[in-house]
$ cat structure34.tsv   # TSV, C-alpha atoms and all ligand atoms
chain	number	residue	atom	x	y	z
A	7	MET	CA	9.68	-61.46	84.08
A	8	THR	CA	10.08	-58.04	82.54
A	9	GLU	CA	10.39	-59.62	79.10
A	10	ILE	CA	6.98	-61.27	79.39
A	11	SER	CA	5.14	-58.17	80.56
A	12	HIS	CA	6.72	-56.26	77.68
A	13	ASP	CA	5.31	-58.72	75.15
A	14	ASP	CA	1.86	-58.53	76.78
A	15	GLN	CA	1.93	-54.78	76.42
A	16	HIS	CA	2.85	-54.97	72.82
A	17	ASP	CA	-0.06	-57.32	72.02
A	18	ALA	CA	-2.53	-55.12	73.86
A	19	GLY	CA	-1.31	-52.08	71.96
A	20	GLN	CA	-1.85	-53.75	68.56
A	21	ASP	CA	1.37	-52.53	67.03
A	22	VAL	CA	1.23	-49.02	68.40
A	23	PRO	CA	4.92	-48.22	68.80
A	24	PHE	CA	6.11	-47.56	72.36
A	25	ARG	CA	7.25	-44.00	72.98
A	26	CYS	CA	9.68	-42.82	75.64
A	27	GLY	CA	11.74	-39.74	76.25
A	28	TYR	CA	12.98	-36.98	78.51
A	29	VAL	CA	10.85	-33.89	79.14
A	30	ALA	CA	12.57	-30.93	80.84
A	31	ILE	CA	10.49	-28.55	82.98
A	32	VAL	CA	12.09	-25.10	83.00
A	33	GLY	CA	11.16	-21.60	84.08
A	34	ARG	CA	12.15	-19.02	86.64
A	35	PRO	CA	11.71	-19.79	90.34
A	36	ASN	CA	8.22	-20.07	91.79
A	37	VAL	CA	6.18	-20.45	88.58
A	38	GLY	CA	5.05	-23.92	89.75
A	39	LYS	CA	7.42	-26.37	88.03
A	40	SER	CA	7.66	-28.84	90.90
A	41	THR	CA	3.92	-28.71	91.60
A	42	LEU	CA	3.36	-29.49	87.92
A	43	LEU	CA	5.78	-32.42	87.99
A	44	ASN	CA	4.00	-33.96	90.98
A	45	HIS	CA	0.65	-33.75	89.19
A	46	LEU	CA	2.05	-35.07	85.93
A	47	ILE	CA	3.23	-38.24	87.65
A	48	GLY	CA	0.51	-38.39	90.34
A	49	GLN	CA	2.87	-38.59	93.36
A	50	LYS	CA	4.61	-36.01	95.44
A	51	ILE	CA	8.32	-36.48	94.83
A	52	SER	CA	9.46	-32.92	94.21
A	53	ILE	CA	9.09	-30.42	97.01
A	54	THR	CA	7.31	-27.11	96.58
A	55	SER	CA	6.89	-23.88	98.50
A	56	ARG	CA	6.32	-20.20	97.87
A	57	LYS	CA	10.00	-19.58	98.62
A	58	ALA	CA	12.19	-19.05	95.58
A	59	GLN	CA	14.95	-21.60	96.07
A	60	THR	CA	12.98	-24.65	97.09
A	61	THR	CA	14.21	-26.98	94.33
A	62	ARG	CA	17.99	-27.29	94.47
A	63	HIS	CA	18.63	-30.55	92.70
A	64	ARG	CA	17.66	-32.08	89.40
A	65	ILE	CA	15.15	-34.89	89.86
A	66	HIS	CA	13.51	-37.28	87.42
A	67	GLY	CA	9.78	-38.02	87.80
A	68	ILE	CA	8.56	-40.99	85.80
A	69	PHE	CA	5.08	-41.68	84.42
A	70	THR	CA	4.46	-44.95	82.56
A	71	ASP	CA	1.31	-46.19	80.87
A	72	GLU	CA	0.46	-48.73	78.19
A	73	HIS	CA	2.01	-46.91	75.25
A	74	SER	CA	4.52	-44.51	76.69
A	75	GLN	CA	7.00	-43.61	79.40
A	76	PHE	CA	7.55	-39.94	80.24
A	77	VAL	CA	10.72	-39.03	82.11
A	78	PHE	CA	10.15	-35.53	83.46
A	79	VAL	CA	13.21	-33.58	84.56
A	80	ASP	CA	12.47	-31.00	87.26
A	81	THR	CA	15.11	-28.31	87.57
A	82	PRO	CA	15.92	-25.56	90.03
A	83	GLY	CA	14.59	-22.22	88.77
A	84	PHE	CA	17.16	-20.24	86.86
A	85	GLN	CA	18.73	-17.74	89.24
A	86	THR	CA	19.63	-14.31	87.94
A	87	LYS	CA	20.40	-12.68	91.29
A	88	HIS	CA	22.77	-13.58	94.16
A	89	LEU	CA	25.33	-15.67	92.31
A	90	ASN	CA	26.93	-17.55	95.22
A	91	ALA	CA	28.35	-21.07	94.79
A	92	LEU	CA	24.94	-22.66	95.43
A	93	ASN	CA	23.16	-20.56	92.79
A	94	ARG	CA	25.94	-20.90	90.20
A	95	GLY	CA	25.71	-24.66	90.67
A	96	MET	CA	21.93	-24.59	90.24
A	97	ASN	CA	22.18	-22.64	86.96
A	98	ARG	CA	24.64	-25.23	85.69
A	99	VAL	CA	22.08	-27.93	86.49
A	100	VAL	CA	19.42	-26.08	84.45
A	101	THR	CA	21.63	-25.66	81.40
A	102	THR	CA	22.89	-29.23	81.38
A	103	SER	CA	19.34	-30.55	81.90
A	104	LEU	CA	18.37	-28.99	78.57
A	105	ARG	CA	20.85	-31.14	76.70
A	106	ASP	CA	19.68	-34.64	75.87
A	107	VAL	CA	15.95	-34.01	76.35
A	108	GLN	CA	13.37	-34.55	73.62
A	109	VAL	CA	10.72	-32.07	74.79
A	110	VAL	CA	10.89	-28.87	76.83
A	111	LEU	CA	8.07	-27.44	78.95
A	112	TYR	CA	8.62	-23.72	79.39
A	113	VAL	CA	6.52	-22.71	82.38
A	114	LEU	CA	5.19	-19.21	83.04
A	115	GLU	CA	2.84	-17.87	85.65
A	116	ALA	CA	-0.30	-16.57	83.92
A	117	MET	CA	-0.15	-12.84	83.11
A	118	ARG	CA	3.47	-12.60	84.26
A	119	TYR	CA	6.20	-12.34	81.67
A	120	ASP	CA	9.23	-10.22	82.44
A	121	GLU	CA	12.99	-10.00	81.94
A	122	ARG	CA	13.64	-12.98	84.20
A	123	ASP	CA	11.38	-15.17	82.07
A	124	LYS	CA	13.07	-13.91	78.90
A	125	GLU	CA	16.47	-14.86	80.34
A	126	VAL	CA	15.27	-18.46	80.58
A	127	LEU	CA	13.68	-18.34	77.12
A	128	LYS	CA	17.06	-17.45	75.60
A	129	LEU	CA	18.51	-20.73	76.83
A	130	LEU	CA	15.92	-22.93	75.13
A	131	PRO	CA	16.85	-25.15	72.17
A	132	LYS	CA	15.63	-24.01	68.74
A	133	ASP	CA	15.71	-27.48	67.22
A	134	GLN	CA	13.46	-29.32	69.70
A	135	PRO	CA	9.77	-29.03	70.53
A	136	VAL	CA	9.07	-26.49	73.27
A	137	ILE	CA	5.59	-26.28	74.81
A	138	LEU	CA	4.55	-23.05	76.48
A	139	VAL	CA	2.78	-23.97	79.72
A	140	ILE	CA	0.80	-21.11	81.24
A	141	ASN	CA	0.31	-22.07	84.88
A	142	LYS	CA	-1.83	-20.73	87.74
A	143	ILE	CA	-4.84	-20.05	85.52
A	144	ASP	CA	-6.97	-20.46	88.66
A	145	GLU	CA	-5.74	-16.99	89.64
A	146	VAL	CA	-7.02	-15.36	86.46
A	147	ALA	CA	-10.66	-14.30	86.71
A	148	ASP	CA	-11.02	-13.14	83.10
A	149	LYS	CA	-9.94	-16.18	81.05
A	150	GLY	CA	-10.20	-14.13	77.83
A	151	LYS	CA	-7.06	-12.30	78.91
A	152	LEU	CA	-5.07	-15.53	78.59
A	153	PHE	CA	-5.32	-15.41	74.78
A	154	ASP	CA	-3.71	-11.98	74.54
A	155	PHE	CA	-1.10	-13.03	77.05
A	156	ALA	CA	-0.24	-16.22	75.12
A	157	GLU	CA	-0.05	-14.26	71.87
A	158	ARG	CA	2.35	-11.74	73.37
A	159	VAL	CA	4.73	-14.44	74.64
A	160	ALA	CA	4.52	-16.38	71.36
A	161	GLU	CA	5.96	-13.36	69.53
A	162	ASP	CA	9.31	-14.16	71.16
A	163	PHE	CA	9.54	-17.89	70.43
A	164	ASN	CA	8.22	-20.49	68.03
A	165	PHE	CA	6.35	-22.78	70.50
A	166	THR	CA	5.08	-26.18	69.35
A	167	SER	CA	1.91	-25.64	71.34
A	168	ILE	CA	0.48	-23.59	74.19
A	169	VAL	CA	-1.28	-25.26	77.13
A	170	PRO	CA	-2.87	-23.32	80.00
A	171	VAL	CA	-3.02	-25.31	83.27
A	172	SER	CA	-3.51	-25.07	86.99
A	173	ALA	CA	-0.84	-27.34	88.42
A	174	LYS	CA	-2.07	-26.82	91.95
A	175	LEU	CA	-5.64	-27.90	91.16
A	176	GLY	CA	-4.50	-30.52	88.65
A	177	LYS	CA	-6.55	-28.80	85.93
A	178	LYS	CA	-5.68	-29.49	82.28
A	179	VAL	CA	-2.67	-31.54	83.41
A	180	ASP	CA	-4.00	-34.61	81.52
A	181	GLU	CA	-4.34	-32.48	78.38
A	182	LEU	CA	-0.74	-31.37	78.81
A	183	ARG	CA	0.44	-34.97	79.11
A	184	GLU	CA	-1.40	-35.80	75.88
A	185	ALA	CA	0.19	-32.83	74.11
A	186	ILE	CA	3.61	-34.18	75.11
A	187	ARG	CA	2.94	-37.82	74.24
A	188	GLY	CA	3.02	-37.38	70.46
A	189	LEU	CA	6.34	-35.56	70.71
A	190	LEU	CA	8.16	-38.42	72.44
A	191	PRO	CA	10.37	-40.52	70.18
A	192	GLU	CA	9.73	-44.19	69.54
A	193	SER	CA	11.92	-45.91	72.09
A	194	GLU	CA	12.17	-48.65	74.69
A	195	MET	CA	11.54	-47.79	78.34
A	196	ILE	CA	14.41	-46.05	80.11
A	197	TYR	CA	13.20	-46.95	83.63
A	198	GLU	CA	11.29	-49.92	85.02
A	199	GLU	CA	7.55	-49.56	84.60
A	200	ASP	CA	6.83	-49.07	88.32
A	201	ASP	CA	9.65	-46.56	88.97
A	202	ILE	CA	8.44	-43.09	89.88
A	203	THR	CA	11.79	-41.34	90.38
A	204	ASP	CA	15.54	-41.78	89.93
A	205	ARG	CA	16.21	-40.58	93.48
A	206	ASN	CA	16.50	-42.95	96.43
A	207	GLU	CA	14.41	-42.86	99.61
A	208	ARG	CA	17.20	-41.25	101.60
A	209	PHE	CA	17.23	-38.29	99.21
A	210	LEU	CA	13.44	-38.04	99.14
A	211	ALA	CA	13.29	-38.11	102.95
A	212	SER	CA	15.75	-35.23	103.26
A	213	GLU	CA	13.82	-33.21	100.68
A	214	LEU	CA	10.45	-33.75	102.36
A	215	LEU	CA	11.92	-32.53	105.65
A	216	ARG	CA	13.50	-29.50	103.96
A	217	GLU	CA	10.14	-28.63	102.43
A	218	LYS	CA	8.52	-28.49	105.87
A	219	VAL	CA	11.32	-26.27	107.15
A	220	PHE	CA	10.64	-23.90	104.23
A	221	ARG	CA	6.90	-23.99	104.71
A	222	PHE	CA	6.70	-23.67	108.47
A	223	THR	CA	9.15	-20.83	108.90
A	224	GLY	CA	8.82	-17.19	107.88
A	225	ASP	CA	11.04	-15.22	105.53
A	226	GLU	CA	13.37	-14.35	108.39
A	227	LEU	CA	14.84	-17.85	108.18
A	228	PRO	CA	17.30	-17.76	105.27
A	229	TYR	CA	17.20	-20.08	102.29
A	230	SER	CA	20.59	-21.49	103.25
A	231	VAL	CA	19.00	-24.09	105.56
A	232	SER	CA	19.92	-27.63	104.56
A	233	VAL	CA	19.13	-31.17	105.69
A	234	VAL	CA	21.41	-34.18	106.13
A	235	ILE	CA	20.13	-37.71	106.72
A	236	GLU	CA	22.48	-39.21	109.32
A	237	GLN	CA	20.81	-42.59	109.60
A	238	PHE	CA	18.28	-44.43	107.44
A	239	LYS	CA	17.55	-48.06	108.19
A	240	MET	CA	14.78	-50.60	107.83
A	241	GLU	CA	13.51	-52.31	110.97
A	242	GLY	CA	11.07	-54.87	109.66
A	243	THR	CA	8.72	-52.76	107.55
A	244	MET	CA	9.45	-49.57	109.50
A	245	ARG	CA	12.00	-46.99	108.36
A	246	ARG	CA	14.09	-45.46	111.15
A	247	ILE	CA	15.42	-42.08	110.08
A	248	SER	CA	17.68	-39.59	111.89
A	249	ALA	CA	18.02	-36.22	110.23
A	250	ALA	CA	19.96	-33.03	110.98
A	251	ILE	CA	18.84	-29.59	109.90
A	252	LEU	CA	21.86	-27.36	109.26
A	253	VAL	CA	21.55	-23.65	109.97
A	254	ASP	CA	23.98	-20.70	109.92
A	255	LYS	CA	23.38	-19.15	113.32
A	256	ASP	CA	22.12	-19.87	116.83
A	257	ALA	CA	19.29	-17.39	116.20
A	258	HIS	CA	18.08	-19.52	113.30
A	259	LYS	CA	18.16	-22.58	115.48
A	260	ALA	CA	15.90	-20.85	117.98
A	261	MET	CA	13.45	-19.92	115.20
A	262	LEU	CA	13.23	-23.53	114.09
A	263	ILE	CA	12.68	-24.90	117.57
A	264	GLY	CA	9.97	-22.37	118.41
A	265	LYS	CA	8.15	-21.89	121.69
A	266	LYS	CA	8.51	-25.03	123.84
A	267	GLY	CA	9.81	-26.86	120.77
A	268	GLU	CA	6.43	-26.71	119.07
A	269	LYS	CA	7.66	-25.52	115.69
A	270	LEU	CA	10.20	-28.31	115.36
A	271	LYS	CA	7.62	-30.85	116.46
A	272	GLU	CA	5.18	-29.68	113.77
A	273	ILE	CA	7.89	-29.74	111.09
A	274	ALA	CA	8.94	-33.27	112.03
A	275	THR	CA	5.36	-34.56	112.20
A	276	GLN	CA	4.38	-33.17	108.80
A	277	ALA	CA	7.59	-34.48	107.23
A	278	ARG	CA	6.96	-37.92	108.70
A	279	LEU	CA	3.39	-38.02	107.36
A	280	ASP	CA	4.61	-37.16	103.83
A	281	MET	CA	7.32	-39.83	104.07
A	282	GLU	CA	4.85	-42.47	105.21
A	283	LYS	CA	2.59	-41.65	102.27
A	284	LEU	CA	5.38	-41.73	99.71
A	285	PHE	CA	7.12	-44.84	101.10
A	286	ASP	CA	3.82	-46.54	101.92
A	287	GLY	CA	4.99	-47.68	105.36
A	288	LYS	CA	5.66	-46.58	108.93
A	289	VAL	CA	8.43	-44.09	109.63
A	290	PHE	CA	10.19	-43.26	112.90
A	291	LEU	CA	11.75	-39.84	112.42
A	292	GLU	CA	14.20	-38.10	114.73
A	293	VAL	CA	15.27	-34.53	113.92
A	294	PHE	CA	18.26	-32.53	115.26
A	295	ILE	CA	19.40	-29.00	114.52
A	296	LYS	CA	23.06	-28.16	113.96
A	297	VAL	CA	24.70	-24.78	113.56
A	298	ARG	CA	27.25	-24.56	110.74
A	299	SER	CA	28.09	-21.23	109.24
A	300	GLY	CA	28.55	-20.23	105.62
A	301	TRP	CA	27.79	-23.54	103.91
A	302	ALA	CA	26.01	-22.00	100.89
A	303	ASP	CA	29.20	-20.13	99.96
A	304	SER	CA	31.54	-23.07	100.30
A	305	ALA	CA	32.05	-25.28	97.26
A	306	GLN	CA	33.59	-27.97	99.49
A	307	MET	CA	30.62	-28.03	101.83
A	308	LEU	CA	28.20	-28.17	98.89
A	309	LYS	CA	29.94	-31.27	97.63
A	310	THR	CA	29.72	-32.92	101.03
A	311	LEU	CA	25.98	-32.19	101.08
A	312	GLY	CA	25.47	-33.82	97.70
A	313	TYR	CA	25.01	-30.81	95.44
A	314	GLU	CA	26.18	-31.24	91.86
A	401	LIG	N1	-2.63	-20.52	92.61
A	401	LIG	C1	-1.76	-21.41	92.16
A	401	LIG	N2	-0.59	-21.59	92.80
A	401	LIG	C2	0.29	-22.50	92.31
A	401	LIG	C3	0.00	-23.27	91.14
A	401	LIG	N3	1.06	-24.08	90.92
A	401	LIG	C4	1.95	-23.83	91.89
A	401	LIG	N4	1.50	-22.88	92.76
A	401	LIG	C5	2.17	-22.35	93.95
A	401	LIG	O1	3.32	-21.63	93.57
A	401	LIG	C6	4.36	-21.78	94.55
A	401	LIG	C7	5.64	-22.28	93.87
A	401	LIG	O2	5.43	-23.60	93.42
A	401	LIG	P1	6.65	-24.56	93.08
A	401	LIG	O3	6.09	-25.77	92.42
A	401	LIG	O4	7.53	-24.77	94.27
A	401	LIG	O5	7.43	-23.65	92.00
A	401	LIG	P2	8.87	-23.90	91.30
A	401	LIG	O6	9.84	-23.03	92.04
A	401	LIG	O7	8.70	-23.40	89.89
A	401	LIG	O8	9.18	-25.35	91.37
A	401	LIG	C8	3.83	-22.75	95.60
A	401	LIG	O9	3.36	-21.99	96.70
A	401	LIG	C9	2.69	-23.46	94.87
A	401	LIG	O10	1.68	-23.91	95.73
A	401	LIG	C10	-1.27	-23.07	90.49
A	401	LIG	O11	-1.62	-23.69	89.49
A	401	LIG	N5	-2.09	-22.12	91.05
A	402	MG	MG	10.73	-26.35	92.14
$ encode --input "structure34.tsv" --output "C-alpha cells" --more "lines below"
Ligand SMILES: Nc1nc2c(ncn2[C@@H]2O[C@H](COP(=O)(O)OP(=O)(O)O)[C@@H](O)[C@H]2O)c(=O)[nH]1
Ligand SMILES: [Mg+2]
Amino acid sequence: MTEISHDDQHDAGQDVPFRCGYVAIVGRPNVGKSTLLNHLIGQKISITSRKAQTTRHRIHGIFTDEHSQFVFVDTPGFQTKHLNALNRGMNRVVTTSLRDVQVVLYVLEAMRYDERDKEVLKLLPKDQPVILVINKIDEVADKGKLFDFAERVAEDFNFTSIVPVSAKLGKKVDELREAIRGLLPESEMIYEEDDITDRNERFLASELLREKVFRFTGDELPYSVSVVIEQFKMEGTMRRISAAILVDKDAHKAMLIGKKGEKLKEIATQARLDMEKLFDGKVFLEVFIKVRSGWADSAQMLKTLGYE
C-alpha cells in the first residue's frame, strides 16, 4: 500500500526529488519553541506555558507534504541556573539533539538577546545551516527596530537566513517552513506520511495534563510537579485514562485541588478537551493527586518517570 502511494507522489512531482530531514528547534526557555513547533506541523503536540520548564522531553513533530517531510525536534530550553538532576538531564537532551540534525532553528524573542541566549549560540554547529528565528514580533510596535536587532545578533554567528515570525499568531510560519525546505537533504521519508509525532498517546496525554497544571496554577506551585498515567485503555472508541499528579508537599496538593475541588476540576476538563481534539475521539479522564517528595533531585525517580 505504501509503495503505491509513493509512486503516485513521484509521478505528481514530475521528478522533483523528495526531501526529508531533521530540524532542531533550540533556544533558551520561554522564547516560544514549542508554540512554533505546533504551528509548523498544524497540531498541538508539544505543550506550552509562560513557565520556564514546561518542555522536559525531546519530542519529534512531523510535517509531510507532496515533496518533503520535515521532522522537527523540540527540545527543553537550555538551563543555565539550578543544575539539579532534572535540569542536567534536560541540557543533555539539548546537546544530543543537535547531533544528527540537518537544519537548526535558533529561536530568540524579538528585541531580547542576552548572555543566556549567547550560551545557547555557543553550542550550535558551525558546519550546518542555522536559521535565526526572531519570534514574538507581534509584541514589537516599531517593526523597523527588528532590522537593527537582527543585524546585532548576526554579528555573533553566520546564519543561513533570518526569519521574523509570530508563532502564537501563526504569522510568517509558512515562510519559515519554505526557508527550511530547500535546506533538507534529498532522502526517503523517515516516518509514515500521516504520522505527526514519535510519541505515543499515553505520553501525549500526560503532557497535556501537565500543561494544564502549569497553566492553571500560580508561581507558588513549583515546577517539580509531574504526571504519571496509571491506566490508559480503549473501550470501543473511547479512551479511559487514569492519571496521577505528583507533588512534593501536602500544601501543593491543596493548591491543586482548590476551593471545593474547583481548580482540579477545571484542570481535568481542559486536559480532557485537548486530548479529545488531538486523539479525535471521546476521553474519560480521572485525575488523582499524590504527594511524593524530592523527585526532581532523584536520578532514580526521574528514570521511573521516563526522563532520559
Ligand atoms: N506574544 C507572543 N507570545 C508568544 C509567541 N510565541 C510563544 N509565546 C508565548 O511564550 C510563552 C512560552 O512559549 P513556549 O512555546 O512554551 O516556549 P518554549 O519554552 O521556548 O517552548 C507562552 O506563554 C506562549 O504563549 C508569540 O509569537 N507572541
Ligand atoms: Mg517548550
$ closest_residue --input "structure34.tsv" --among "A:Glu236, A:Asp204, A:Asp123, A:Glu115" --to "ligand LIG 401 (chain A)" --atoms "only C-alpha atoms and all ligand atoms"
A:Glu115
$ atom_distance --input "structure34.tsv" --atom1 "CA of Ile263 in chain A" --atom2 "CA of Val234 in chain A"
17.1 Å
$ residues_near_ligand --input "structure34.tsv" --ligand "ligand MG 402 (chain A)" --cutoff "12 Å" --atoms "all atoms listed in the file" --output "PyMOL selection string"
chain A and resi 31-44+50-65+79-84+96+100+113+213+217
$ residues_near_point --input "structure34.tsv" --point "(9.3, -19.2, 69.8)" --cutoff "10 Å" --atoms "all atoms listed in the file" --output "mmCIF file with C-alpha atoms, in the frame of the given file"
data_model
loop_
_atom_site.group_PDB
_atom_site.id
_atom_site.type_symbol
_atom_site.label_atom_id
_atom_site.label_comp_id
_atom_site.auth_asym_id
_atom_site.auth_seq_id
_atom_site.Cartn_x
_atom_site.Cartn_y
_atom_site.Cartn_z
ATOM 1 C CA LEU A 127 13.680 -18.340 77.120
ATOM 2 C CA LYS A 128 17.060 -17.450 75.600
ATOM 3 C CA LEU A 130 15.920 -22.930 75.130
ATOM 4 C CA PRO A 131 16.850 -25.150 72.170
ATOM 5 C CA LYS A 132 15.630 -24.010 68.740
ATOM 6 C CA PRO A 135 9.770 -29.030 70.530
ATOM 7 C CA VAL A 136 9.070 -26.490 73.270
ATOM 8 C CA ILE A 137 5.590 -26.280 74.810
ATOM 9 C CA LEU A 138 4.550 -23.050 76.480
ATOM 10 C CA VAL A 159 4.730 -14.440 74.640
ATOM 11 C CA ALA A 160 4.520 -16.380 71.360
ATOM 12 C CA GLU A 161 5.960 -13.360 69.530
ATOM 13 C CA ASP A 162 9.310 -14.160 71.160
ATOM 14 C CA PHE A 163 9.540 -17.890 70.430
ATOM 15 C CA ASN A 164 8.220 -20.490 68.030
ATOM 16 C CA PHE A 165 6.350 -22.780 70.500
ATOM 17 C CA THR A 166 5.080 -26.180 69.350
ATOM 18 C CA SER A 167 1.910 -25.640 71.340
#
$ closest_residue --input "structure34.tsv" --among "A:Val171, A:Leu252, A:Val126, A:Leu46" --to "ligand LIG 401 (chain A)" --atoms "only C-alpha atoms and all ligand atoms"
A:Val171
$ closest_residue --input "structure34.tsv" --among "A:His258, A:His45, A:Arg25, A:Lys266" --to "Ile186 in chain A" --atoms "all atoms listed in the file"
A:Arg25
$ residues_around --input "structure34.tsv" --residues "Ala277 in chain A" --least-positions-apart "6" --cutoff "10 Å" --atoms "all atoms listed in the file" --output "count of residues only"
12
$ closest_residue --input "structure34.tsv" --among "A:Val29, A:Val233, A:Val22, A:Val253" --to "Ser103 in chain A" --atoms "all atoms listed in the file"
A:Val29
$ residues_around --input "structure34.tsv" --residues "Phe76 in chain A" --least-positions-apart "5" --cutoff "10 Å" --atoms "only C-alpha atoms" --output "list in words"
Arg25, Cys26, Gly27, Tyr28, Val29, Leu46, Ile47, His66, Gly67, Ile68, Phe69, Thr70, Asp71, Arg183, Ile186, Arg187, Leu190, Met195, Ile196 and Tyr197 of chain A
$ residues_around --input "structure34.tsv" --residues "range 141-154 of chain A" --least-positions-apart "3" --cutoff "6 Å" --atoms "all atoms listed in the file" --output "JSON, numbers by chain"
{"A": [114, 115, 116, 157, 170, 171, 172]}
$ closest_residue --input "structure34.tsv" --among "A:Phe285, A:Phe209, A:Tyr112, A:Tyr119" --to "ligand LIG 401 (chain A)" --atoms "all atoms listed in the file"
A:Tyr112
$ atom_distance --input "structure34.tsv" --atom1 "CA of Ala260 in chain A" --atom2 "CA of Arg221 in chain A"
16.3 Å
$ decode --input "structure34.tsv" --residues "range 161-174 of chain A" --atoms "C-alpha atoms" --output "PDB file, in the first residue's frame"
ATOM      1  CA  GLU A 161      27.426  39.815  14.232  1.00  0.00           C
ATOM      2  CA  ASP A 162      27.886  36.799  16.514  1.00  0.00           C
ATOM      3  CA  PHE A 163      27.051  33.981  14.103  1.00  0.00           C
ATOM      4  CA  ASN A 164      26.950  33.228  10.400  1.00  0.00           C
ATOM      5  CA  PHE A 165      23.202  32.464   9.980  1.00  0.00           C
ATOM      6  CA  THR A 166      21.924  30.935   6.735  1.00  0.00           C
ATOM      7  CA  SER A 167      18.890  33.193   6.890  1.00  0.00           C
ATOM      8  CA  ILE A 168      16.860  35.299   9.296  1.00  0.00           C
ATOM      9  CA  VAL A 169      13.082  34.872   9.589  1.00  0.00           C
ATOM     10  CA  PRO A 170      10.890  37.009  11.872  1.00  0.00           C
ATOM     11  CA  VAL A 171       7.686  35.234  12.987  1.00  0.00           C
ATOM     12  CA  SER A 172       4.853  35.278  15.456  1.00  0.00           C
ATOM     13  CA  ALA A 173       4.473  31.654  16.490  1.00  0.00           C
ATOM     14  CA  LYS A 174       1.457  32.420  18.628  1.00  0.00           C
TER      15      LYS A 174
END
